[in-house]
>>> print(open('my_file34.cif').read())   # mmCIF, C-alpha atoms, pLDDT in the B column; chains and numbers go by the auth columns
data_input
loop_
_atom_site.group_PDB
_atom_site.id
_atom_site.type_symbol
_atom_site.label_atom_id
_atom_site.label_comp_id
_atom_site.label_asym_id
_atom_site.label_seq_id
_atom_site.Cartn_x
_atom_site.Cartn_y
_atom_site.Cartn_z
_atom_site.B_iso_or_equiv
_atom_site.auth_seq_id
_atom_site.auth_asym_id
ATOM 1 C CA MET A 1 -34.222 125.161 -64.570 73.00 283 J
ATOM 2 C CA LYS A 2 -36.908 127.732 -63.857 83.00 284 J
ATOM 3 C CA SER A 3 -39.558 126.710 -61.347 89.00 285 J
ATOM 4 C CA THR A 4 -42.930 128.291 -60.751 93.00 286 J
ATOM 5 C CA ILE A 5 -44.107 128.815 -57.197 92.00 287 J
ATOM 6 C CA THR A 6 -47.855 129.293 -56.849 93.00 288 J
ATOM 7 C CA LYS A 7 -49.985 130.889 -54.158 92.00 289 J
ATOM 8 C CA LYS A 8 -50.790 127.378 -52.912 93.00 290 J
ATOM 9 C CA ASP A 9 -47.049 126.668 -52.522 94.00 291 J
ATOM 10 C CA VAL A 10 -46.727 129.863 -50.482 93.00 292 J
ATOM 11 C CA ALA A 11 -49.633 128.742 -48.285 93.00 293 J
ATOM 12 C CA LYS A 12 -48.041 125.313 -47.769 94.00 294 J
ATOM 13 C CA ARG A 13 -44.697 126.844 -46.812 94.00 295 J
ATOM 14 C CA THR A 14 -46.418 129.303 -44.487 93.00 296 J
ATOM 15 C CA ALA A 15 -48.319 126.447 -42.831 94.00 297 J
ATOM 16 C CA LYS A 16 -45.067 124.613 -42.252 94.00 298 J
ATOM 17 C CA ILE A 17 -43.289 127.699 -40.862 93.00 299 J
ATOM 18 C CA VAL A 18 -46.039 128.755 -38.462 93.00 300 J
ATOM 19 C CA GLY A 19 -47.201 125.241 -37.581 93.00 301 J
ATOM 20 C CA GLU A 20 -50.798 125.702 -38.730 92.00 302 J
ATOM 21 C CA LYS A 21 -53.089 123.732 -41.002 93.00 303 J
ATOM 22 C CA ILE A 22 -52.837 124.388 -44.719 92.00 304 J
ATOM 23 C CA TYR A 23 -56.496 125.342 -45.078 91.00 305 J
ATOM 24 C CA LEU A 24 -56.053 128.108 -42.489 92.00 306 J
ATOM 25 C CA THR A 25 -52.918 129.541 -44.042 94.00 307 J
ATOM 26 C CA GLU A 26 -54.469 129.407 -47.531 94.00 308 J
ATOM 27 C CA LYS A 27 -57.131 131.875 -46.345 94.00 309 J
ATOM 28 C CA ILE A 28 -54.529 134.136 -44.738 94.00 310 J
ATOM 29 C CA VAL A 29 -52.155 134.098 -47.723 94.00 311 J
ATOM 30 C CA ASP A 30 -55.054 134.755 -50.087 95.00 312 J
ATOM 31 C CA GLY A 31 -56.156 137.646 -47.862 95.00 313 J
ATOM 32 C CA VAL A 32 -52.665 139.171 -47.848 94.00 314 J
ATOM 33 C CA PHE A 33 -52.377 139.020 -51.638 94.00 315 J
ATOM 34 C CA THR A 34 -55.895 140.421 -52.040 95.00 316 J
ATOM 35 C CA ALA A 35 -55.063 143.318 -49.708 94.00 317 J
ATOM 36 C CA LEU A 36 -51.828 144.072 -51.605 92.00 318 J
ATOM 37 C CA ARG A 37 -53.682 143.965 -54.925 92.00 319 J
ATOM 38 C CA GLU A 38 -56.401 146.302 -53.593 93.00 320 J
ATOM 39 C CA PHE A 39 -53.800 148.789 -52.304 92.00 321 J
ATOM 40 C CA MET A 40 -52.108 148.776 -55.702 91.00 322 J
ATOM 41 C CA GLU A 41 -55.379 149.103 -57.656 90.00 323 J
ATOM 42 C CA ALA A 42 -56.558 151.994 -55.475 89.00 324 J
ATOM 43 C CA ALA A 43 -53.283 153.896 -55.903 81.00 325 J
ATOM 44 C CA ASN A 44 -54.155 157.377 -57.052 84.00 326 J
ATOM 45 C CA PRO A 45 -51.824 157.639 -58.929 84.00 327 J
ATOM 46 C CA GLU A 46 -48.875 156.188 -56.965 88.00 328 J
ATOM 47 C CA VAL A 47 -48.366 154.057 -53.865 91.00 329 J
ATOM 48 C CA ARG A 48 -45.453 152.476 -52.031 93.00 330 J
ATOM 49 C CA ILE A 49 -45.962 149.243 -50.038 92.00 331 J
ATOM 50 C CA GLU A 50 -42.938 148.572 -47.860 94.00 332 J
ATOM 51 C CA ILE A 51 -42.460 145.152 -46.285 92.00 333 J
ATOM 52 C CA ARG A 52 -39.400 145.197 -44.005 90.00 334 J
ATOM 53 C CA ASP A 53 -36.756 142.523 -44.682 87.00 335 J
ATOM 54 C CA PHE A 54 -38.449 141.659 -47.979 91.00 336 J
ATOM 55 C CA GLY A 55 -38.843 144.620 -50.299 94.00 337 J
ATOM 56 C CA VAL A 56 -40.975 147.436 -51.637 94.00 338 J
ATOM 57 C CA PHE A 57 -43.842 147.210 -54.117 93.00 339 J
ATOM 58 C CA GLU A 58 -44.572 150.451 -55.936 93.00 340 J
ATOM 59 C CA VAL A 59 -47.119 151.689 -58.407 93.00 341 J
ATOM 60 C CA LYS A 60 -45.509 154.389 -60.534 92.00 342 J
ATOM 61 C CA THR A 61 -46.837 156.509 -63.382 92.00 343 J
ATOM 62 C CA THR A 62 -45.173 156.540 -66.774 91.00 344 J
ATOM 63 C CA LYS A 63 -44.829 159.581 -68.989 92.00 345 J
ATOM 64 C CA PRO A 64 -46.973 159.807 -72.113 92.00 346 J
ATOM 65 C CA LYS A 65 -45.083 159.039 -75.296 91.00 347 J
ATOM 66 C CA PRO A 66 -46.370 161.237 -78.117 88.00 348 J
ATOM 67 C CA LYS A 67 -44.082 159.766 -80.784 88.00 349 J
ATOM 68 C CA ALA A 68 -43.925 156.027 -80.162 90.00 350 J
ATOM 69 C CA ARG A 69 -43.617 153.748 -83.167 91.00 351 J
ATOM 70 C CA ASN A 70 -45.536 150.546 -83.871 89.00 352 J
ATOM 71 C CA PRO A 71 -42.710 148.088 -84.682 91.00 353 J
ATOM 72 C CA LYS A 72 -44.933 146.015 -86.972 93.00 354 J
ATOM 73 C CA THR A 73 -46.234 148.779 -89.220 93.00 355 J
ATOM 74 C CA GLY A 74 -43.810 151.612 -88.493 90.00 356 J
ATOM 75 C CA GLU A 75 -46.799 153.878 -87.803 92.00 357 J
ATOM 76 C CA ILE A 76 -46.248 156.697 -85.292 92.00 358 J
ATOM 77 C CA ILE A 77 -48.712 156.389 -82.414 91.00 359 J
ATOM 78 C CA TYR A 78 -49.472 158.191 -79.163 93.00 360 J
ATOM 79 C CA VAL A 79 -49.053 156.165 -75.939 92.00 361 J
ATOM 80 C CA PRO A 80 -50.859 157.776 -72.987 93.00 362 J
ATOM 81 C CA ALA A 81 -49.463 157.921 -69.441 91.00 363 J
ATOM 82 C CA ARG A 82 -50.294 154.825 -67.429 92.00 364 J
ATOM 83 C CA ARG A 83 -49.428 153.123 -64.160 92.00 365 J
ATOM 84 C CA LYS A 84 -46.905 150.319 -63.815 93.00 366 J
ATOM 85 C CA THR A 85 -45.734 148.104 -60.972 93.00 367 J
ATOM 86 C CA HIS A 86 -42.217 147.932 -59.661 93.00 368 J
ATOM 87 C CA PHE A 87 -40.585 145.719 -57.022 94.00 369 J
ATOM 88 C CA LYS A 88 -37.355 146.577 -55.265 94.00 370 J
ATOM 89 C CA ALA A 89 -35.799 143.824 -53.177 93.00 371 J
ATOM 90 C CA GLY A 90 -34.993 144.566 -49.534 93.00 372 J
ATOM 91 C CA LYS A 91 -31.516 144.454 -48.026 91.00 373 J
ATOM 92 C CA MET A 92 -31.643 140.820 -46.835 90.00 374 J
ATOM 93 C CA LEU A 93 -33.051 139.551 -50.134 89.00 375 J
ATOM 94 C CA LYS A 94 -30.535 141.593 -52.157 90.00 376 J
ATOM 95 C CA GLU A 95 -27.617 140.076 -50.260 90.00 377 J
ATOM 96 C CA VAL A 96 -28.794 136.545 -51.041 87.00 378 J
ATOM 97 C CA LEU A 97 -29.489 137.369 -54.704 87.00 379 J
ATOM 98 C CA LYS A 98 -26.083 139.053 -55.174 89.00 380 J
ATOM 99 C CA GLN A 99 -24.208 135.788 -54.577 88.00 381 J
ATOM 100 C CA PRO A 100 -22.513 134.459 -57.706 87.00 382 J
ATOM 101 C CA LEU A 101 -24.312 131.460 -59.199 83.00 383 J
ATOM 102 C CA THR A 102 -21.200 129.344 -58.669 82.00 384 J
ATOM 103 C CA ASP A 103 -21.378 129.997 -54.905 76.00 385 J
ATOM 104 C CA LEU A 104 -25.010 128.942 -54.569 72.00 386 J
ATOM 105 C CA LYS A 105 -25.632 125.916 -52.424 71.00 387 J
ATOM 106 C CA PRO A 106 -28.893 124.030 -52.833 65.00 388 J
ATOM 107 C CA ARG A 107 -31.101 124.653 -49.830 62.00 389 J
ATOM 108 C CA GLU A 108 -32.924 121.549 -48.711 55.00 390 J
ATOM 109 C CA GLY A 109 -36.678 121.734 -48.547 54.00 391 J
ATOM 110 C CA VAL A 110 -36.911 125.135 -50.198 56.00 392 J
ATOM 111 C CA LEU A 111 -38.593 123.954 -53.388 54.00 393 J
ATOM 112 C CA ASP A 112 -39.254 120.359 -52.353 52.00 394 J
ATOM 113 C CA ASP A 113 -42.759 119.226 -51.634 51.00 395 J
ATOM 114 C CA ASP A 114 -41.778 117.424 -48.440 51.00 396 J
ATOM 115 C CA TRP A 115 -45.115 117.092 -46.710 50.00 397 J
ATOM 116 C CA ASP A 116 -46.047 114.142 -44.532 50.00 398 J
ATOM 117 C CA GLU A 117 -48.657 111.780 -45.907 49.00 399 J
ATOM 118 C CA GLU A 118 -50.968 112.897 -43.099 47.00 400 J
ATOM 119 C CA GLU A 119 -50.716 116.528 -44.221 57.00 401 J
ATOM 120 C CA GLU A 120 -51.416 115.462 -47.816 61.00 402 J
ATOM 121 C CA GLU A 121 -54.531 113.566 -46.687 53.00 403 J
ATOM 122 C CA LEU A 122 -55.769 116.529 -44.632 55.00 404 J
ATOM 123 C CA GLU A 123 -55.219 118.809 -47.601 61.00 405 J
ATOM 124 C CA GLU A 124 -57.114 116.446 -49.937 61.00 406 J
ATOM 125 C CA ASP A 125 -59.982 116.187 -47.443 53.00 407 J
ATOM 126 C CA TRP A 126 -60.129 119.969 -47.201 57.00 408 J
ATOM 127 C CA GLU A 127 -60.186 120.353 -50.983 60.00 409 J
ATOM 128 C CA GLU A 128 -62.919 117.713 -51.352 58.00 410 J
ATOM 129 C CA ASN A 129 -65.170 118.748 -48.484 51.00 411 J
ATOM 130 C CA GLY A 130 -64.443 122.441 -48.157 52.00 412 J
ATOM 131 C CA GLU A 131 -64.891 122.218 -44.421 48.00 413 J
ATOM 132 C CA LYS A 132 -62.626 122.281 -41.397 46.00 414 J
ATOM 133 C CA ILE A 133 -60.854 118.977 -40.780 43.00 415 J
ATOM 134 C CA GLU A 134 -59.730 118.441 -37.228 42.00 416 J
ATOM 135 C CA GLU A 135 -56.643 116.363 -36.659 42.00 417 J
ATOM 136 C CA GLN A 136 -57.499 113.396 -34.470 37.00 418 J
ATOM 137 C CA ASP A 137 -54.401 112.298 -32.595 38.00 419 J
ATOM 138 C CA GLY A 138 -55.090 109.005 -30.860 41.00 420 J
ATOM 139 C CA LYS A 139 -58.874 109.352 -31.282 44.00 421 J
ATOM 140 C CA GLN A 140 -61.211 107.091 -33.199 44.00 422 J
ATOM 141 C CA ASP A 141 -61.846 107.901 -36.830 46.00 423 J
ATOM 142 C CA SER A 142 -65.057 109.952 -37.022 46.00 424 J
ATOM 143 C CA SER A 143 -66.172 107.962 -40.086 45.00 425 J
ATOM 144 C CA GLU A 144 -66.512 104.803 -37.975 46.00 426 J
ATOM 145 C CA PRO A 145 -69.795 104.335 -36.126 48.00 427 J
ATOM 146 C CA GLN A 146 -69.496 105.476 -32.517 50.00 428 J
ATOM 147 C CA PRO A 147 -71.016 103.311 -29.768 51.00 429 J
ATOM 148 C CA LYS A 148 -73.839 105.061 -27.938 53.00 430 J
ATOM 149 C CA PRO A 149 -73.052 105.867 -24.341 52.00 431 J
ATOM 150 C CA THR A 150 -75.087 103.814 -21.912 55.00 432 J
ATOM 151 C CA THR A 151 -76.512 105.333 -18.795 54.00 433 J
ATOM 152 C CA GLN A 152 -77.502 103.389 -15.729 54.00 434 J
ATOM 153 C CA GLU A 153 -80.695 104.483 -14.092 45.00 435 J
#
>>> encode(input="my_file34.cif", output="structure tokens")
Amino acid sequence: MKSTITKKDVAKRTAKIVGEKIYLTEKIVDGVFTALREFMEAANPEVRIEIRDFGVFEVKTTKPKPKARNPKTGEIIYVPARRKTHFKAGKMLKEVLKQPLTDLKPREGVLDDDWDEEEEELEEDWEENGEKIEEQDGKQDSSEPQPKPTTQE
């Protein structure tokens, strides 16, 4: 079965790997993808983005096709040169992907959403409020009224 992994899933996994809050890693992951997209858009005309142990993203130019055929109408049309994206997996990723499907072992936690309830609550609070939520280990809940400190004079 094909599964779709979103940018939010990448941010969650990154948060788990680096031990940071999801709302922090969401900003970082979004920034990384934005930077990659900007590099690729600004390619004049080609660019190669190499990420060691992962792979290479490339923007390549295609040749113009002066005698292409519209399959619907059979009409001969001209297709101008354009840019296209290409990804080439790195050595480590290739080795994993080359394994026969029969040899694949399910990896626990890779596609599971195995977050603690506390992480889920923090994530929901972040989505609702859009502000930084501090984890309060052993402290009173900030939503409860705090007693005013008394000073003796």
>>> atom_distance(input="my_file34.cif", atom1="CA of Thr343 in chain J", atom2="CA of Thr367 in chain J")
8.8 Å
>>> atom_distance(input="my_file34.cif", atom1="CA of Tyr305 in chain J", atom2="CA of Lys289 in chain J")
12.5 Å
>>> closest_residue(input="my_file34.cif", among="J:Ile358, J:Lys366, J:Ile299, J:Lys345", to="Glu328 in chain J", atoms="only C-alpha atoms")
J:Lys366
>>> resolve_selection(input="my_file34.cif", expression="the PyMOL selection byres ((chain J and resi 297) around 12)", output="list in words")
Lys290, Asp291, Val292, Ala293, Lys294, Arg295, Thr296, Lys298, Ile299, Val300, Gly301, Glu302, Lys303, Ile304, Tyr305, Leu306, Thr307, Glu308, Lys309, Ile310, Val311, Trp397, Glu401 and Glu405 of chain J
>>> residues_around(input="my_file34.cif", residues="range 315-327 of chain J", least_positions_apart="4", cutoff="8 Å", atoms="only C-alpha atoms", output="PyMOL selection string")
chain J and resi 311+331+340-343+365
>>> resolve_selection(input="my_file34.cif", expression="the PyMOL selection byres ((chain J and resi 338) around 8)", output="NGL selection string")
:J and (330-333 or 336-337 or 339-340 or 369-372)
>>> atom_distance(input="my_file34.cif", atom1="CA of Gln381 in chain J", atom2="CA of Met283 in chain J")
17.7 Å
>>> residues_around(input="my_file34.cif", residues="Ala350 in chain J", least_positions_apart="3", cutoff="8 Å", atoms="all atoms listed in the file", output="JSON, numbers by chain")
{"J": [347, 358, 359, 360, 361]}
>>> closest_residue(input="my_file34.cif", among="J:Ile287, J:Gly313, J:Asp335, J:Thr344", to="Met374 in chain J", atoms="all atoms listed in the file")
J:Asp335
